[in-house]
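Student: File follows, protein-v6.txt with compact mmCIF, C-alpha atoms:
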```
# COMPACT_ATOMS: atom_id res chain seq x y z
CA MET A 1 0.00 0.00 0.00
CA VAL A 2 2.83 2.38 0.89
CA ILE A 3 4.68 1.63 -2.37
CA PHE A 4 1.49 2.04 -4.38
CA SER A 5 0.78 5.35 -2.61
CA LEU A 6 4.31 6.52 -3.35
CA PHE A 7 4.03 5.83 -7.09
CA VAL A 8 0.57 7.40 -7.42
CA SER A 9 1.54 10.46 -5.36
CA VAL A 10 4.66 11.06 -7.45
CA VAL A 11 2.75 10.81 -10.74
CA PHE A 12 -0.16 13.01 -9.59
CA ALA A 13 2.14 15.63 -8.07
CA VAL A 14 4.28 15.90 -11.20
CA LEU A 15 1.18 15.87 -13.42
CA THR A 16 -0.70 18.65 -11.63
CA ARG A 17 2.09 20.98 -10.48
CA ASP A 18 4.79 22.68 -12.55
CA ASP A 19 7.11 24.06 -9.87
CA PRO A 20 9.39 21.40 -8.27
CA LYS A 21 8.78 22.83 -4.75
CA ASP A 22 5.02 22.65 -5.25
CA GLN A 23 5.39 19.12 -6.60
CA ILE A 24 7.24 17.98 -3.48
CA LYS A 25 4.73 19.68 -1.13
CA PHE A 26 1.68 18.34 -2.95
CA GLY A 27 3.23 14.88 -3.38
CA ALA A 28 4.03 14.66 0.34
CA ARG A 29 0.48 15.72 1.26
CA LEU A 30 -1.02 13.20 -1.16
CA PHE A 31 1.24 10.43 0.12
CA GLY A 32 0.38 11.21 3.75
CA GLY A 33 -3.31 11.35 2.87
CA PHE A 34 -3.22 7.98 1.09
CA VAL A 35 -1.35 6.20 3.87
CA GLY A 36 -3.35 7.92 6.63
CA ALA A 37 -6.66 7.08 4.96
CA GLY A 38 -5.52 3.48 4.44
CA VAL A 39 -4.62 3.03 8.11
CA LEU A 40 -7.81 4.77 9.26
CA ILE A 41 -10.08 2.68 7.02
CA GLY A 42 -8.17 -0.43 8.11
CA TRP A 43 -8.95 0.33 11.76
CA LEU A 44 -12.58 1.16 10.99
CA LEU A 45 -12.97 -2.21 9.29
CA TYR A 46 -11.20 -4.04 12.13
CA PRO A 47 -14.39 -4.85 14.13
CA LEU A 48 -16.12 -6.33 11.09
CA PRO A 49 -15.97 -10.13 10.73
CA LEU A 50 -14.21 -11.57 7.64
CA MET B 1 10.81 26.09 -17.06
CA ARG B 2 8.89 25.68 -20.28
CA ALA B 3 10.64 24.76 -23.48
CA ALA B 4 9.99 26.36 -26.84
CA ALA B 5 8.38 23.22 -28.28
CA ALA B 6 5.68 23.31 -25.60
CA ASP B 7 4.98 27.00 -26.02
CA ARG B 8 3.74 26.80 -29.58
CA THR B 9 0.58 25.03 -30.68
CA GLN B 10 1.24 21.86 -32.68
CA THR B 11 -0.33 20.99 -36.02
CA PRO B 12 -3.07 18.31 -35.77
CA SER B 13 -0.92 15.54 -37.27
CA THR B 14 2.01 16.34 -34.97
CA LEU B 15 -0.39 16.59 -32.04
CA TYR B 16 -1.66 13.04 -32.54
CA LEU B 17 1.85 11.78 -33.20
CA ILE B 18 3.00 13.25 -29.88
CA CYS B 19 0.00 11.68 -28.09
CA ALA B 20 0.76 8.30 -29.70
CA ALA B 21 4.39 8.57 -28.59
CA ALA B 22 3.25 9.56 -25.08
CA TRP B 23 1.05 6.47 -24.92
CA PHE B 24 3.62 4.09 -26.39
CA VAL B 25 6.53 5.19 -24.18
CA PRO B 26 5.43 6.68 -20.83
CA GLY B 27 6.87 10.21 -20.54
CA ALA B 28 7.91 10.44 -24.20
CA GLY B 29 5.32 13.13 -24.94
CA HIS B 30 6.64 15.41 -22.21
CA LEU B 31 10.21 14.77 -23.33
CA TRP B 32 9.20 15.61 -26.92
CA LEU B 33 7.66 18.88 -25.74
CA GLY B 34 10.79 19.79 -23.80
CA ARG B 35 9.47 19.05 -20.31
CA ARG B 36 12.39 16.85 -19.41
CA GLN B 37 11.87 16.59 -15.64
CA LYS B 38 8.25 15.50 -15.97
CA GLY B 39 9.06 13.10 -18.82
CA ILE B 40 11.82 11.34 -16.89
CA VAL B 41 9.67 11.05 -13.74
CA PHE B 42 6.79 9.53 -15.73
CA LEU B 43 9.10 7.15 -17.58
CA VAL B 44 10.69 5.87 -14.38
CA ALA B 45 7.60 5.85 -12.14
CA LEU B 46 5.08 4.33 -14.54
CA THR B 47 7.43 1.72 -15.97
CA SER B 48 8.54 0.73 -12.45
CA MET B 49 4.92 0.52 -11.31
CA PHE B 50 4.06 -1.77 -14.22
CA ALA B 51 7.15 -3.95 -13.63
CA PHE B 52 6.37 -4.11 -9.91
CA GLY B 53 2.86 -5.34 -10.72
CA LEU B 54 4.26 -8.10 -12.90
CA TRP B 55 6.73 -9.05 -10.17
CA LEU B 56 3.79 -9.33 -7.75
CA GLU B 57 2.31 -12.04 -10.02
CA GLY B 58 -0.26 -9.69 -11.55
CA ARG B 59 -2.03 -10.67 -14.75
CA LEU B 60 -2.23 -9.02 -18.16
CA PHE B 61 -5.92 -9.52 -18.80
CA PRO B 62 -7.11 -10.83 -22.18
CA PHE B 63 -9.70 -9.03 -24.31
CA GLU B 64 -12.72 -11.15 -23.44
CA MET B 65 -15.80 -9.26 -24.55
CA THR B 66 -18.06 -11.81 -22.89
CA GLN B 67 -16.69 -10.60 -19.54
CA PRO B 68 -16.97 -6.79 -19.55
CA LEU B 69 -14.87 -6.24 -16.40
CA VAL B 70 -12.04 -8.37 -17.78
CA ALA B 71 -12.21 -6.44 -21.07
CA LEU B 72 -12.07 -3.12 -19.17
CA ALA B 73 -9.06 -4.35 -17.19
CA ALA B 74 -7.41 -5.36 -20.49
CA ILE B 75 -7.94 -1.84 -21.88
CA ALA B 76 -6.46 -0.36 -18.69
CA ASP B 77 -3.47 -2.73 -18.97
CA LEU B 78 -2.92 -1.64 -22.57
CA GLY B 79 -2.77 2.01 -21.43
CA ILE B 80 0.89 1.62 -20.45
CA GLY B 81 1.91 1.12 -24.12
CA CYS B 82 5.27 -0.42 -25.05
CA PRO B 83 5.94 -2.17 -21.69
CA TYR B 84 2.67 -4.09 -22.20
CA PHE B 85 3.86 -5.50 -25.54
CA VAL B 86 7.33 -6.22 -24.16
CA ALA B 87 5.77 -8.15 -21.26
CA ARG B 88 3.54 -10.07 -23.69
CA LEU B 89 6.52 -10.94 -25.91
CA MET B 90 8.51 -12.08 -22.88
CA GLY B 91 5.63 -14.30 -21.80
CA VAL B 92 5.23 -12.68 -18.39
CA GLY B 93 1.93 -11.50 -16.95
CA ALA B 94 0.19 -14.86 -16.89
CA GLY B 95 -0.78 -14.14 -13.27
CA GLN B 96 -0.85 -16.62 -10.42
CA VAL B 97 -4.37 -16.57 -9.01
CA VAL B 98 -3.24 -18.53 -5.95
CA ALA B 99 -0.40 -16.09 -5.19
CA ILE B 100 -1.09 -13.92 -2.16
CA THR B 101 0.08 -10.85 -4.10
CA TYR B 102 -2.08 -11.52 -7.20
CA GLU B 103 -4.66 -8.77 -6.59
CA TYR B 104 -1.95 -6.30 -5.53
CA GLY B 105 -0.10 -7.02 -8.77
CA ASN B 106 -3.26 -6.45 -10.82
CA THR B 107 -3.84 -3.15 -9.03
CA PHE B 108 -0.33 -1.94 -9.84
CA ILE B 109 -0.60 -2.95 -13.53
CA ILE B 110 -4.07 -1.46 -14.04
CA ALA B 111 -3.25 1.76 -12.17
CA ALA B 112 -0.03 2.20 -14.19
CA GLY B 113 -2.02 1.95 -17.45
CA LEU B 114 -4.69 4.38 -16.27
CA LEU B 115 -2.14 6.88 -15.01
CA ASN B 116 -0.38 6.76 -18.39
CA MET B 117 -3.71 7.59 -20.04
CA LEU B 118 -3.89 10.69 -17.80
CA VAL B 119 -0.34 11.55 -18.83
CA VAL B 120 -1.40 11.33 -22.51
CA LEU B 121 -4.29 13.74 -21.81
CA ASP B 122 -1.83 16.14 -20.15
CA VAL B 123 0.44 15.95 -23.20
CA PHE B 124 -2.57 16.70 -25.42
CA ASP B 125 -3.38 19.82 -23.37
CA ILE B 126 0.23 21.01 -23.44
CA ALA B 127 0.56 20.44 -27.19
CA LYS B 128 -2.74 22.30 -27.76
CA GLY B 129 -1.29 25.25 -25.85
CA ARG B 130 -3.79 25.03 -23.00
CA LYS B 131 -1.14 24.58 -20.29
```
Take the structure I supplied and represent it as structure tokens, if you would.
Tutor:
Amino acid sequence: MVIFSLFVSVVFAVLTRDDPKDQIKFGARLFGGFVGAGVLIGWLLYPLPL
Amino acid sequence: MRAAAADRTQTPSTLYLICAAAWFVPGAGHLWLGRRQKGIVFLVALTSMFAFGLWLEGRLFPFEMTQPLVALAAIADLGIGCPYFVARLMGVGAGQVVAITYEYGNTFIIAAGLLNMLVVLDVFDIAKGRK
């Protein structure tokens, strides 16, 4: 999940921003959002039976 | 920094040629238009993502029109361009359904193809002079 988030964040950041500084900032925010959302949803699903 | 090639609007035939190149080799369109940093990042990231998916035992889906979801996955797989054909020629991408990483591999391969389609749309906009 982390590797997938990294690839997608890099591509989206480079695609949507032109300035390298903006790309790094936006990419880091996207990456954090992806990983954070993944962990949060994982915990929310934890009580549910398989 | 924008290069001169990206600053002028392309003729229709050149425009479609650039888009075809962008589809066939991820990042080639941006490189063509002088956006070297973006082109190199797309080339490395998308090709690595596709290769990673294959390494995770992902499958290159066949075009089975009787199964619409499989056909859609096949179209998404094809979105990566040249690496798809290279993988087919090398005989990889058969996919191991019993492998624990099978679905992860499919996700990587499909997402790489779809992201490359977005990259092609970006190239189209740049070549049209919209960006």
Student: Which residue out of B:Phe108, B:Phe63, B:Phe24, B:Tyr16 has the minimum interatomic distance to B:Tyr84 when all atoms listed in the file are used?
Tutor: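 Selected residue with least distance to B:Tyr84: B:Phe24.
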Student: Could you give me, as a list in words, the residues within 10 Å of A:Asp18, counting only C-alpha atoms and dropping anything in the same chain fewer than 3 positions from it?
Tutor: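 Listed by chain and then number, they are Ala13, Val14, Leu15, Lys21, Asp22 and Gln23 of chain A; Met1, Arg2, Arg35, Gln37, Lys38 and Lys131 of chain B.
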Student: Would you mind exporting the chosen residues as a compact mmCIF listing (two decimals), in the frame of the given file, restricted to C-alpha atoms?
Tutor:
```txt
# COMPACT_ATOMS: atom_id res chain seq x y z
CA ALA A 13 2.14 15.63 -8.07
CA VAL A 14 4.28 15.90 -11.20
CA LEU A 15 1.18 15.87 -13.42
CA LYS A 21 8.78 22.83 -4.75
CA ASP A 22 5.02 22.65 -5.25
CA GLN A 23 5.39 19.12 -6.60
CA MET B 1 10.81 26.09 -17.06
CA ARG B 2 8.89 25.68 -20.28
CA ARG B 35 9.47 19.05 -20.31
CA GLN B 37 11.87 16.59 -15.64
CA LYS B 38 8.25 15.50 -15.97
CA LYS B 131 -1.14 24.58 -20.29
```
Student: I'd like to know which of B:Met117, B:Leu46, B:Ala71, B:Ile40 is closest to A:Phe4, using all atoms listed in the file.
Tutor: B:Leu46
Student: Please return, as number ranges by chain, all residues of chain A lying within 12 Å of chain B when only C-alpha atoms are considered.
Tutor: A: 1-20, 23
Student: So how far away is atom CA of B:Val25 from atom CA of B:Phe85, in Å?
Tutor: 11.1 Å
Student: Extract, using all atoms listed in the file, all DNA, RNA and protein residues at most 8 Å from stretch 86-96 of chain B, discarding same-chain residues fewer than 4 positions from it, and format them as a PyMOL selection string.
Tutor: chain B and resi 54+57-60+82+102
Student: Take the residues just selected and output them with C-alpha atoms as a PDB file, in the coordinates of the input.
Tutor:
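As written to disk, part-v3.pdb reads:
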```pdb
ATOM      1  CA  LEU B  54       4.260  -8.100 -12.900  1.00  0.00           C
ATOM      2  CA  GLU B  57       2.310 -12.040 -10.020  1.00  0.00           C
ATOM      3  CA  GLY B  58      -0.260  -9.690 -11.550  1.00  0.00           C
ATOM      4  CA  ARG B  59      -2.030 -10.670 -14.750  1.00  0.00           C
ATOM      5  CA  LEU B  60      -2.230  -9.020 -18.160  1.00  0.00           C
ATOM      6  CA  CYS B  82       5.270  -0.420 -25.050  1.00  0.00           C
ATOM      7  CA  TYR B 102      -2.080 -11.520  -7.200  1.00  0.00           C
TER       8      TYR B 102
END
```
Student: Interatomic distance between atom CA of B:Gly129 and atom CA of B:Gln10?
Tutor: 8.0 Å
Student: Quote the spacing between atom CA of A:Phe34 and atom CA of B:Ile110 in Å to one decimal place.
Tutor: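 Answer for the atom CA of A:Phe34 to atom CA of B:Ile110 separation: 17.9 Å.
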Student: Pick out the residues sitting within 8 Å of B:Gly29, and hand them over as a ChimeraX atom specification; count all atoms listed in the file, and ignore anything fewer than 4 positions along from it in its own chain.
Tutor: /B:18-19,21-23,33,39,120,123
Student: Dump C-alpha atoms of stretch 25-45 of chain A from the given block, as a PDB file, in the first residue's frame.
Tutor:
```pdb
ATOM      1  CA  LYS A  25       4.734  19.679  -1.133  1.00  0.00           C
ATOM      2  CA  PHE A  26       1.678  18.336  -2.954  1.00  0.00           C
ATOM      3  CA  GLY A  27       3.228  14.876  -3.383  1.00  0.00           C
ATOM      4  CA  ALA A  28       4.025  14.656   0.345  1.00  0.00           C
ATOM      5  CA  ARG A  29       0.482  15.718   1.255  1.00  0.00           C
ATOM      6  CA  LEU A  30      -1.017  13.196  -1.158  1.00  0.00           C
ATOM      7  CA  PHE A  31       1.244  10.425   0.121  1.00  0.00           C
ATOM      8  CA  GLY A  32       0.376  11.211   3.751  1.00  0.00           C
ATOM      9  CA  GLY A  33      -3.311  11.346   2.871  1.00  0.00           C
ATOM     10  CA  PHE A  34      -3.224   7.983   1.087  1.00  0.00           C
ATOM     11  CA  VAL A  35      -1.346   6.202   3.874  1.00  0.00           C
ATOM     12  CA  GLY A  36      -3.348   7.915   6.632  1.00  0.00           C
ATOM     13  CA  ALA A  37      -6.664   7.079   4.965  1.00  0.00           C
ATOM     14  CA  GLY A  38      -5.518   3.482   4.438  1.00  0.00           C
ATOM     15  CA  VAL A  39      -4.624   3.033   8.112  1.00  0.00           C
ATOM     16  CA  LEU A  40      -7.815   4.772   9.263  1.00  0.00           C
ATOM     17  CA  ILE A  41     -10.085   2.685   7.023  1.00  0.00           C
ATOM     18  CA  GLY A  42      -8.174  -0.428   8.112  1.00  0.00           C
ATOM     19  CA  TRP A  43      -8.952   0.327  11.758  1.00  0.00           C
ATOM     20  CA  LEU A  44     -12.583   1.165  10.990  1.00  0.00           C
ATOM     21  CA  LEU A  45     -12.969  -2.206   9.289  1.00  0.00           C
TER      22      LEU A  45
END
```
